$ cat work_27.cif   # mmCIF, C-alpha atoms
data_upload
loop_
_atom_site.label_atom_id
_atom_site.label_comp_id
_atom_site.auth_asym_id
_atom_site.auth_seq_id
_atom_site.Cartn_x
_atom_site.Cartn_y
_atom_site.Cartn_z
CA TYR A 1271 92.23 100.18 127.07
CA LEU A 1272 95.84 99.10 126.40
CA LEU A 1273 94.55 95.95 124.74
CA PRO A 1274 96.78 96.33 121.61
CA LEU A 1275 99.92 96.48 123.78
CA ARG A 1276 102.16 93.39 123.67
CA GLY A 1277 105.22 92.77 125.82
CA VAL A 1278 106.71 91.27 128.95
CA ILE A 1279 107.32 93.00 132.29
CA ASP A 1280 109.87 91.44 134.63
CA SER A 1281 109.11 92.19 138.27
CA PRO A 1282 110.26 90.32 141.40
CA ASP A 1283 107.45 91.90 143.44
CA ILE A 1284 104.37 90.26 141.88
CA PRO A 1285 103.10 87.18 143.75
CA LEU A 1286 102.45 84.31 141.33
CA ASN A 1287 100.49 81.91 143.57
CA VAL A 1288 97.28 83.97 143.68
CA SER A 1289 94.06 84.22 141.73
CA ARG A 1290 93.74 86.61 138.83
CA SER A 1291 91.13 88.70 140.67
CA ALA A 1292 93.48 89.14 143.63
CA LEU A 1293 96.32 90.07 141.29
CA GLN A 1294 94.21 92.76 139.60
CA THR A 1295 93.57 94.48 142.93
CA ASP A 1296 97.19 94.26 144.07
CA ARG A 1297 98.72 97.68 144.80
CA ARG A 1298 102.00 96.76 143.10
CA VAL A 1299 100.21 95.65 139.95
CA ARG A 1300 98.26 98.94 139.82
CA SER A 1301 101.54 100.82 140.21
CA ILE A 1302 103.04 98.88 137.29
CA GLY A 1303 99.89 99.54 135.24
CA ASN A 1304 100.19 103.30 135.85
CA PHE A 1305 103.85 103.16 134.86
CA VAL A 1306 103.08 101.33 131.61
CA ALA A 1307 100.26 103.77 130.75
CA LYS A 1308 102.62 106.71 131.31
CA LYS A 1309 105.26 105.11 129.09
CA VAL A 1310 102.67 104.62 126.32
CA ALA A 1311 101.50 108.25 126.62
CA ASP A 1312 105.11 109.50 126.56
CA LYS A 1313 105.83 107.45 123.43
CA LEU A 1314 102.72 108.73 121.66
CA ARG A 1315 103.65 112.33 122.51
CA SER A 1316 107.17 111.86 121.16
CA ILE A 1317 105.82 110.34 117.92
CA LYS A 1318 103.44 113.27 117.45
CA VAL A 1319 106.30 115.76 117.88
CA GLU A 1320 109.03 113.92 115.95
CA GLU A 1321 106.95 112.12 113.28
CA PRO A 1322 103.66 114.04 112.98
CA ASN A 1323 102.72 112.59 109.58
CA PHE A 1324 103.26 109.03 110.81
CA TYR A 1325 101.19 109.86 113.90
CA ALA A 1326 98.33 111.05 111.68
CA ASP A 1327 98.60 107.85 109.61
CA ILE A 1328 98.20 105.59 112.67
CA TRP A 1329 95.67 107.76 114.51
CA ASN A 1330 92.53 106.03 113.17
CA SER A 1331 93.88 102.70 114.45
CA ILE A 1332 94.86 103.85 117.93
CA SER A 1333 92.23 106.54 118.59
CA PRO A 1334 89.53 104.23 120.08
CA PHE A 1335 91.99 102.97 122.70
CA VAL A 1336 93.36 106.44 123.48
CA LYS A 1337 89.84 107.88 123.88
CA ILE A 1338 88.55 104.99 126.00
CA GLY A 1339 91.70 105.21 128.13
CA ALA A 1340 91.20 108.93 128.65
CA MET A 1341 87.59 108.39 129.77
CA GLU A 1342 88.54 105.54 132.13
CA ASP A 1343 91.81 106.85 133.58
CA GLU A 1344 92.15 110.46 134.78
CA LYS A 1345 95.96 110.32 134.88
CA PHE A 1346 96.11 108.94 131.35
CA ALA A 1347 93.66 111.65 130.22
CA GLU A 1348 96.00 114.37 131.48
CA GLN A 1349 98.93 112.75 129.69
CA VAL A 1350 97.22 112.43 126.28
CA GLU A 1351 95.03 115.54 126.33
CA GLU A 1352 97.27 117.46 123.92
CA ILE A 1353 97.72 114.62 121.42
CA ILE A 1354 94.06 113.75 120.75
CA ILE A 1355 93.31 114.91 117.21
CA PHE A 1356 90.38 115.06 114.80
CA ALA A 1357 90.22 115.18 111.01
CA THR A 1358 89.38 118.69 109.85
CA THR A 1359 88.18 120.47 106.72
CA PHE A 1360 90.82 123.18 107.30
CA LYS A 1361 93.09 123.57 104.27
CA VAL A 1362 96.77 124.31 104.85
CA ASN A 1363 97.03 126.91 102.10
CA GLN A 1364 96.69 129.88 104.38
CA THR A 1365 99.25 131.62 106.60
CA LYS A 1366 101.89 129.53 108.34
CA GLN A 1367 100.76 130.83 111.69
CA GLU A 1368 97.25 129.45 111.15
CA GLY A 1369 98.47 126.10 109.86
CA THR A 1370 101.09 125.27 112.51
CA ASP A 1371 98.74 122.92 114.41
CA ILE A 1372 97.68 120.99 111.31
CA ILE A 1373 99.07 117.49 110.71
CA GLU A 1374 98.72 115.77 107.33
CA GLY A 1375 98.13 112.02 107.03
CA ASN A 1376 95.75 109.43 105.57
CA ASP A 1377 94.84 111.93 102.82
CA SER A 1378 93.35 114.20 105.52
CA ASN A 1379 94.34 117.11 107.73
CA TYR A 1380 94.20 116.67 111.50
CA THR A 1381 94.03 119.17 114.35
CA SER A 1382 93.74 119.24 118.13
CA ILE A 1383 90.76 120.84 119.89
CA LYS A 1384 93.06 123.60 121.16
CA GLY A 1385 94.26 124.36 117.63
CA TYR A 1386 90.68 124.47 116.31
CA ILE A 1387 89.57 126.90 119.04
CA ASN A 1388 92.58 129.16 118.42
CA ARG A 1389 91.63 129.49 114.74
CA VAL A 1390 87.90 130.13 115.17
CA LYS A 1391 87.70 131.77 118.61
CA GLU A 1392 86.61 135.14 117.21
CA ASP A 1393 83.76 133.63 115.21
CA SER A 1394 82.18 130.84 117.22
CA GLU A 1395 82.65 131.56 120.94
CA LYS A 1396 84.24 128.10 121.40
CA ARG A 1397 81.55 126.28 119.44
CA ILE A 1398 83.06 123.26 117.71
CA LEU A 1399 81.36 122.17 114.48
CA TYR A 1400 81.60 118.50 113.58
CA CYS A 1401 80.10 115.85 111.32
CA THR A 1402 79.98 112.07 111.64
CA ASP A 1403 79.10 111.09 108.07
CA LYS A 1404 80.26 113.29 105.19
CA LEU A 1405 77.81 111.68 102.76
CA ALA A 1406 74.68 111.60 104.91
CA GLN A 1407 75.34 115.13 106.20
CA ALA A 1408 76.74 116.47 102.91
CA SER A 1409 74.11 119.20 102.38
CA ALA A 1410 74.60 120.75 105.82
CA LEU A 1411 78.38 120.25 105.65
CA ASN A 1412 78.63 122.02 102.28
CA LEU A 1413 76.49 124.87 103.59
CA TRP A 1414 78.85 125.51 106.50
CA GLU A 1415 81.97 125.12 104.34
CA SER A 1416 80.60 127.60 101.79
CA GLN A 1417 80.69 130.23 104.54
CA GLY A 1418 84.30 129.39 105.45
CA ALA A 1419 83.54 127.38 108.60
CA GLU A 1420 85.99 124.73 109.78
CA VAL A 1421 84.36 121.35 110.54
CA LEU A 1422 85.82 118.38 112.40
CA THR A 1423 85.04 114.73 111.63
CA ALA A 1424 83.96 112.59 114.60
CA GLU A 1425 83.74 108.80 114.80
CA THR A 1426 80.18 107.51 114.99
CA VAL A 1427 80.44 105.03 117.90
CA ILE A 1428 83.28 106.08 120.24
CA ASP A 1429 82.70 109.83 119.91
CA THR A 1430 79.05 109.45 120.91
CA GLN A 1431 80.44 109.07 124.43
CA PHE A 1432 83.74 110.89 124.02
CA ILE A 1433 82.30 114.27 122.94
CA PRO A 1434 80.07 114.65 126.05
CA TRP A 1435 83.10 113.64 128.15
CA LEU A 1436 85.18 116.39 126.49
CA GLU A 1437 82.43 118.94 127.14
CA GLU A 1438 82.21 117.89 130.79
CA ARG A 1439 85.97 118.21 131.13
CA ASN A 1440 86.09 121.58 129.33
CA LYS A 1441 82.99 123.52 130.35
CA SER A 1442 83.80 126.39 127.96
CA ILE A 1443 83.46 124.35 124.73
CA LYS A 1444 80.33 123.09 123.01
CA PHE A 1445 80.19 120.55 120.18
CA VAL A 1446 77.50 121.15 117.56
CA ARG A 1447 76.87 118.80 114.66
CA VAL A 1448 76.48 120.49 111.28
CA ASP A 1449 72.89 119.31 110.87
CA SER A 1450 71.68 120.30 114.35
CA GLU A 1451 71.20 124.03 113.94
CA LEU A 1452 72.06 126.93 111.64
CA ASP A 1453 73.30 130.23 113.00
CA ASP A 1454 72.68 133.72 111.63
CA SER A 1455 75.86 133.66 109.51
CA LEU A 1456 74.13 131.18 107.16
CA LYS A 1457 70.84 133.06 106.87
CA ASP A 1458 69.89 135.94 104.60
CA GLU A 1459 67.70 138.32 106.60
CA ASP A 1460 66.37 140.45 103.73
CA PRO A 1461 62.96 141.96 104.62
CA GLU A 1462 59.90 140.54 102.87
CA ILE A 1463 56.95 142.36 101.36
CA ALA A 1464 53.51 141.18 102.47
CA ASP A 1465 50.70 140.65 99.96
CA LYS A 1466 47.28 142.33 100.09
CA ASP A 1467 46.14 139.86 102.75
CA GLY A 1468 49.14 140.65 104.96
CA GLU A 1469 50.84 137.30 104.25
CA THR A 1470 54.55 137.05 103.43
CA LYS A 1471 56.01 134.41 101.15
CA THR A 1472 57.61 132.75 104.20
CA ASN A 1473 54.27 132.37 105.96
CA THR A 1474 52.55 131.08 102.82
CA VAL A 1475 55.21 128.39 102.16
CA LYS A 1476 55.21 127.36 105.81
CA LYS A 1477 51.43 126.88 105.86
CA ILE A 1478 51.41 124.88 102.61
CA VAL A 1479 54.13 122.47 103.77
CA LYS A 1480 52.78 122.13 107.31
CA ASN A 1481 49.32 121.24 105.99
CA ALA A 1482 50.80 118.76 103.53
CA LEU A 1483 52.89 117.01 106.19
CA ASN A 1484 50.07 116.98 108.74
CA ASN A 1485 52.51 115.95 111.47
CA ASP A 1486 52.72 117.91 114.72
CA LYS A 1487 56.04 116.27 115.59
CA VAL A 1488 57.78 117.96 112.65
CA THR A 1489 58.62 121.64 113.09
CA VAL A 1490 58.55 123.48 109.75
CA GLN A 1491 60.91 126.45 109.38
CA VAL A 1492 61.41 128.69 106.35
CA GLN A 1493 64.66 130.63 105.91
CA SER A 1494 66.58 132.23 103.06
CA LEU A 1495 70.05 130.65 103.07
CA LYS A 1496 73.01 132.67 101.81
CA SER A 1497 74.89 130.02 99.85
CA ASP A 1498 73.97 129.70 96.15
CA GLY A 1499 74.59 125.96 96.42
CA ALA A 1500 72.32 125.49 99.44
CA PRO A 1501 69.73 122.70 99.05
CA ALA A 1502 65.98 123.26 98.80
CA ALA A 1503 65.43 121.69 102.21
CA LEU A 1504 67.30 120.31 105.21
CA ILE A 1505 66.36 118.06 108.11
CA LEU A 1506 67.83 119.45 111.33
CA LEU A 1507 68.11 117.48 114.56
CA PRO A 1508 68.57 119.52 117.76
CA GLU A 1509 71.90 118.49 119.31
CA GLN A 1510 70.74 117.20 122.71
CA MET A 1511 67.71 115.38 121.29
CA ARG A 1512 69.86 113.66 118.68
CA ARG A 1513 72.46 112.63 121.26
CA ILE A 1514 69.78 110.95 123.39
CA ASN A 1515 68.52 109.16 120.27
CA ASP A 1516 72.06 108.03 119.32
CA ILE A 1517 72.86 106.70 122.81
CA GLY A 1518 69.55 104.82 122.89
CA ALA A 1519 70.34 103.21 119.53
CA LEU A 1520 73.86 102.33 120.74
CA MET A 1521 72.47 100.59 123.84
CA GLU A 1522 70.06 98.62 121.66
CA GLN A 1523 72.93 97.77 119.27
CA LYS A 1524 71.28 99.25 116.21
CA LEU A 1525 71.92 102.16 113.87
CA PRO A 1526 70.42 105.51 114.93
CA GLY A 1527 67.27 106.43 113.02
CA LEU A 1528 65.47 109.70 112.42
CA PRO A 1529 63.76 110.88 115.64
CA ASP A 1530 60.03 111.56 115.41
CA ASN A 1531 60.62 115.14 116.55
CA HIS A 1532 62.82 117.06 114.13
CA ILE A 1533 63.00 120.29 112.13
CA PHE A 1534 62.20 120.50 108.41
CA LEU A 1535 63.94 123.62 107.09
CA LEU A 1536 62.96 125.05 103.69
CA ASN A 1537 65.32 127.33 101.78
CA LEU A 1538 63.21 130.20 100.43
CA ARG A 1539 65.91 131.21 97.94
CA HIS A 1540 65.96 127.86 96.17
CA PRO A 1541 64.14 127.79 92.77
CA ILE A 1542 62.10 124.71 93.77
CA ILE A 1543 60.64 126.49 96.79
#
$ encode --input "work_27.cif" --output "C-alpha cells"
Amino acid sequence: YLLPLRGVIDSPDIPLNVSRSALQTDRRVRSIGNFVAKKVADKLRSIKVEEPNFYADIWNSISPFVKIGAMEDEKFAEQVEEIIIFATTFKVNQTKQEGTDIIEGNDSNYTSIKGYINRVKEDSEKRILYCTDKLAQASALNLWESQGAEVLTAETVIDTQFIPWLEERNKSIKFVRVDSELDDSLKDEDPEIADKDGETKTNTVKKIVKNALNNDKVTVQVQSLKSDGAPAALILLPEQMRRINDIGALMEQKLPGLPDNHIFLLNLRHPII
C-alpha cells in the first residue's frame, strides 16, 4: 500500500544473498516496514495539522493507498484513523464551532467521520449519509440537502470495501447511501380523505402503477415528499442489497447495474402524479 513511496533505506542488518521471498518474511525487514509506515503516517498527520488546505488538495491522490493500508495493516489503521477525510456538502458559513473540523481544498470541503458525527449526532443517531455519484444520484441528494442534511462523497471502487470495514471497526456507525431509503424527516404525513369506495389517492396511484409495471420484483411505494423541488419519482435501492450487487459487479470487473429487486417511489405531491 506504500507503492507511491520512493527512497533508499540503509541498513547493515539485511542479508543480501537471499531470495526475495525469504527477504519478505525476514523479521528485520518487517520491523523496517513498520517503521517506514509509522514515519509516513506521522508525516501525513503533521501535514494535516500544519497545512490543512494542501492536505485536502492531495487527498484524492493519496486516499486509495491510505485506505488500503488501513484495511491491510492494523497498526497503520490506528495511526491514520483521525486523518481519513471525505468530501462533504457542509458549508462553512455557519458558526466557527461547527466548522472547525472542515478543511477546504480542490474546490470542496472535507471532514473526518468524527467531525461529521459531532455535527449531526442529535439528528441521525450516528447514521452517515453518503453518495457516490452526484449526477446519477442528484434527485435523492437534492432531496436530502433541501432538508438540511449533510452528505459525504464516497469513492465508487475503494469505498465499496472501505465503508463496510469502517462499520466493522466502529459498530456504532452506519453508512446509508442517499438513494437507499428515506426517513420520516423527508415525508409529509398529512392524513388523506378516502373516496366513496373507501380508496385513498395513495392506494389508487399505487394500484395503477403496479398494474402498469406488472413486475413483482419492483416494490411500488407512494409518499408525499416535503421538498417543493422533489422529483415525481425515485428509484431506491436498499443499502445491503445494493452493496451485494456492487461487490458482485466489482468481482466481475464491470459497472454495477440496477438490481432486479428495487423500490419505485412515487411523490404524491408532484403535479405529474
$ closest_residue --input "work_27.cif" --among "A:Asn1412, A:Ser1289, A:Arg1300, A:Phe1432" --to "Ala1347 (chain A)" --atoms "only C-alpha atoms"
A:Phe1432
$ closest_residue --input "work_27.cif" --among "A:Glu1438, A:Asp1429, A:Asp1516, A:Glu1522" --to "Ile1338 (chain A)" --atoms "all atoms listed in the file"
A:Asp1429
$ residues_around --input "work_27.cif" --residues "region 1276-1279 of chain A" --least-positions-apart "2" --cutoff "12 Å" --atoms "all atoms listed in the file" --output "PyMOL selection string"
chain A and resi 1272-1274+1281-1284+1299+1302-1303+1305-1306+1310
$ resolve_selection --input "work_27.cif" --expression "the PyMOL selection byres ((chain A and resi 1327) around 10)" --output "ChimeraX atom specification"
/A:1322-1326,1328-1332,1373-1378
$ resolve_selection --input "work_27.cif" --expression "the PyMOL selection byres ((chain A and resi 1446) around 9)" --output "list in words"
Arg1397, Ile1398, Leu1399, Tyr1400, Cys1401, Lys1444, Phe1445, Arg1447, Val1448, Asp1449, Ser1450, Glu1451 and Glu1509 of chain A
$ axis_aligned_box --input "work_27.cif" --around "region 1331-1334 of chain A" --padding-each-side "3 Å" --output "lines of an AutoDock Vina configuration file"
center_x = 92.2
center_y = 104.6
center_z = 117.3
size_x = 11.3
size_y = 9.8
size_z = 11.6
$ residues_around --input "work_27.cif" --residues "Asn1515 (chain A)" --least-positions-apart "3" --cutoff "7 Å" --atoms "all atoms listed in the file" --output "ChimeraX atom specification"
/A:1511-1512,1518-1519,1526,1529
$ resolve_selection --input "work_27.cif" --expression "the PyMOL selection byres ((chain A and resi 1415-1417) around 9)" --output "VMD selection string"
chain A and resid 1359 1410 to 1414 1418 to 1421 1455 to 1456 1496 to 1500
$ closest_residue --input "work_27.cif" --among "A:Val1350, A:Val1490, A:Leu1405, A:Ala1292" --to "Leu1506 (chain A)" --atoms "all atoms listed in the file"
A:Val1490
$ atom_distance --input "work_27.cif" --atom1 "CA of Asn1304 (chain A)" --atom2 "CA of Val1336 (chain A)"
14.5 Å
$ closest_residue --input "work_27.cif" --among "A:Asp1296, A:Asp1486, A:Asp1403, A:Asp1458" --to "Thr1426 (chain A)" --atoms "all atoms listed in the file"
A:Asp1403
$ closest_residue --input "work_27.cif" --among "A:Asp1371, A:Ile1428, A:Val1390, A:Phe1534" --to "Ser1333 (chain A)" --atoms "all atoms listed in the file"
A:Ile1428
$ closest_residue --input "work_27.cif" --among "A:Ile1383, A:Leu1520, A:Ile1372, A:Ile1505" --to "Leu1535 (chain A)" --atoms "only C-alpha atoms"
A:Ile1505
$ atom_distance --input "work_27.cif" --atom1 "CA of Ile1387 (chain A)" --atom2 "CA of Val1362 (chain A)"
16.1 Å
$ atom_distance --input "work_27.cif" --atom1 "CA of Asn1287 (chain A)" --atom2 "CA of Ala1307 (chain A)"
25.3 Å
$ residues_around --input "work_27.cif" --residues "Pro1501 (chain A)" --least-positions-apart "6" --cutoff "8 Å" --atoms "all atoms listed in the file" --output "PyMOL selection string"
chain A and resi 1409+1537+1540
$ residues_near_point --input "work_27.cif" --point "(103.1, 111.2, 127.9)" --cutoff "12 Å" --atoms "only C-alpha atoms" --output "list in words"
Asn1304, Phe1305, Val1306, Ala1307, Lys1308, Lys1309, Val1310, Ala1311, Asp1312, Lys1313, Leu1314, Arg1315, Ser1316, Ile1317, Lys1318, Val1319, Val1336, Lys1345, Phe1346, Ala1347, Glu1348, Gln1349, Val1350, Glu1351, Glu1352, Ile1353 and Ile1354 of chain A
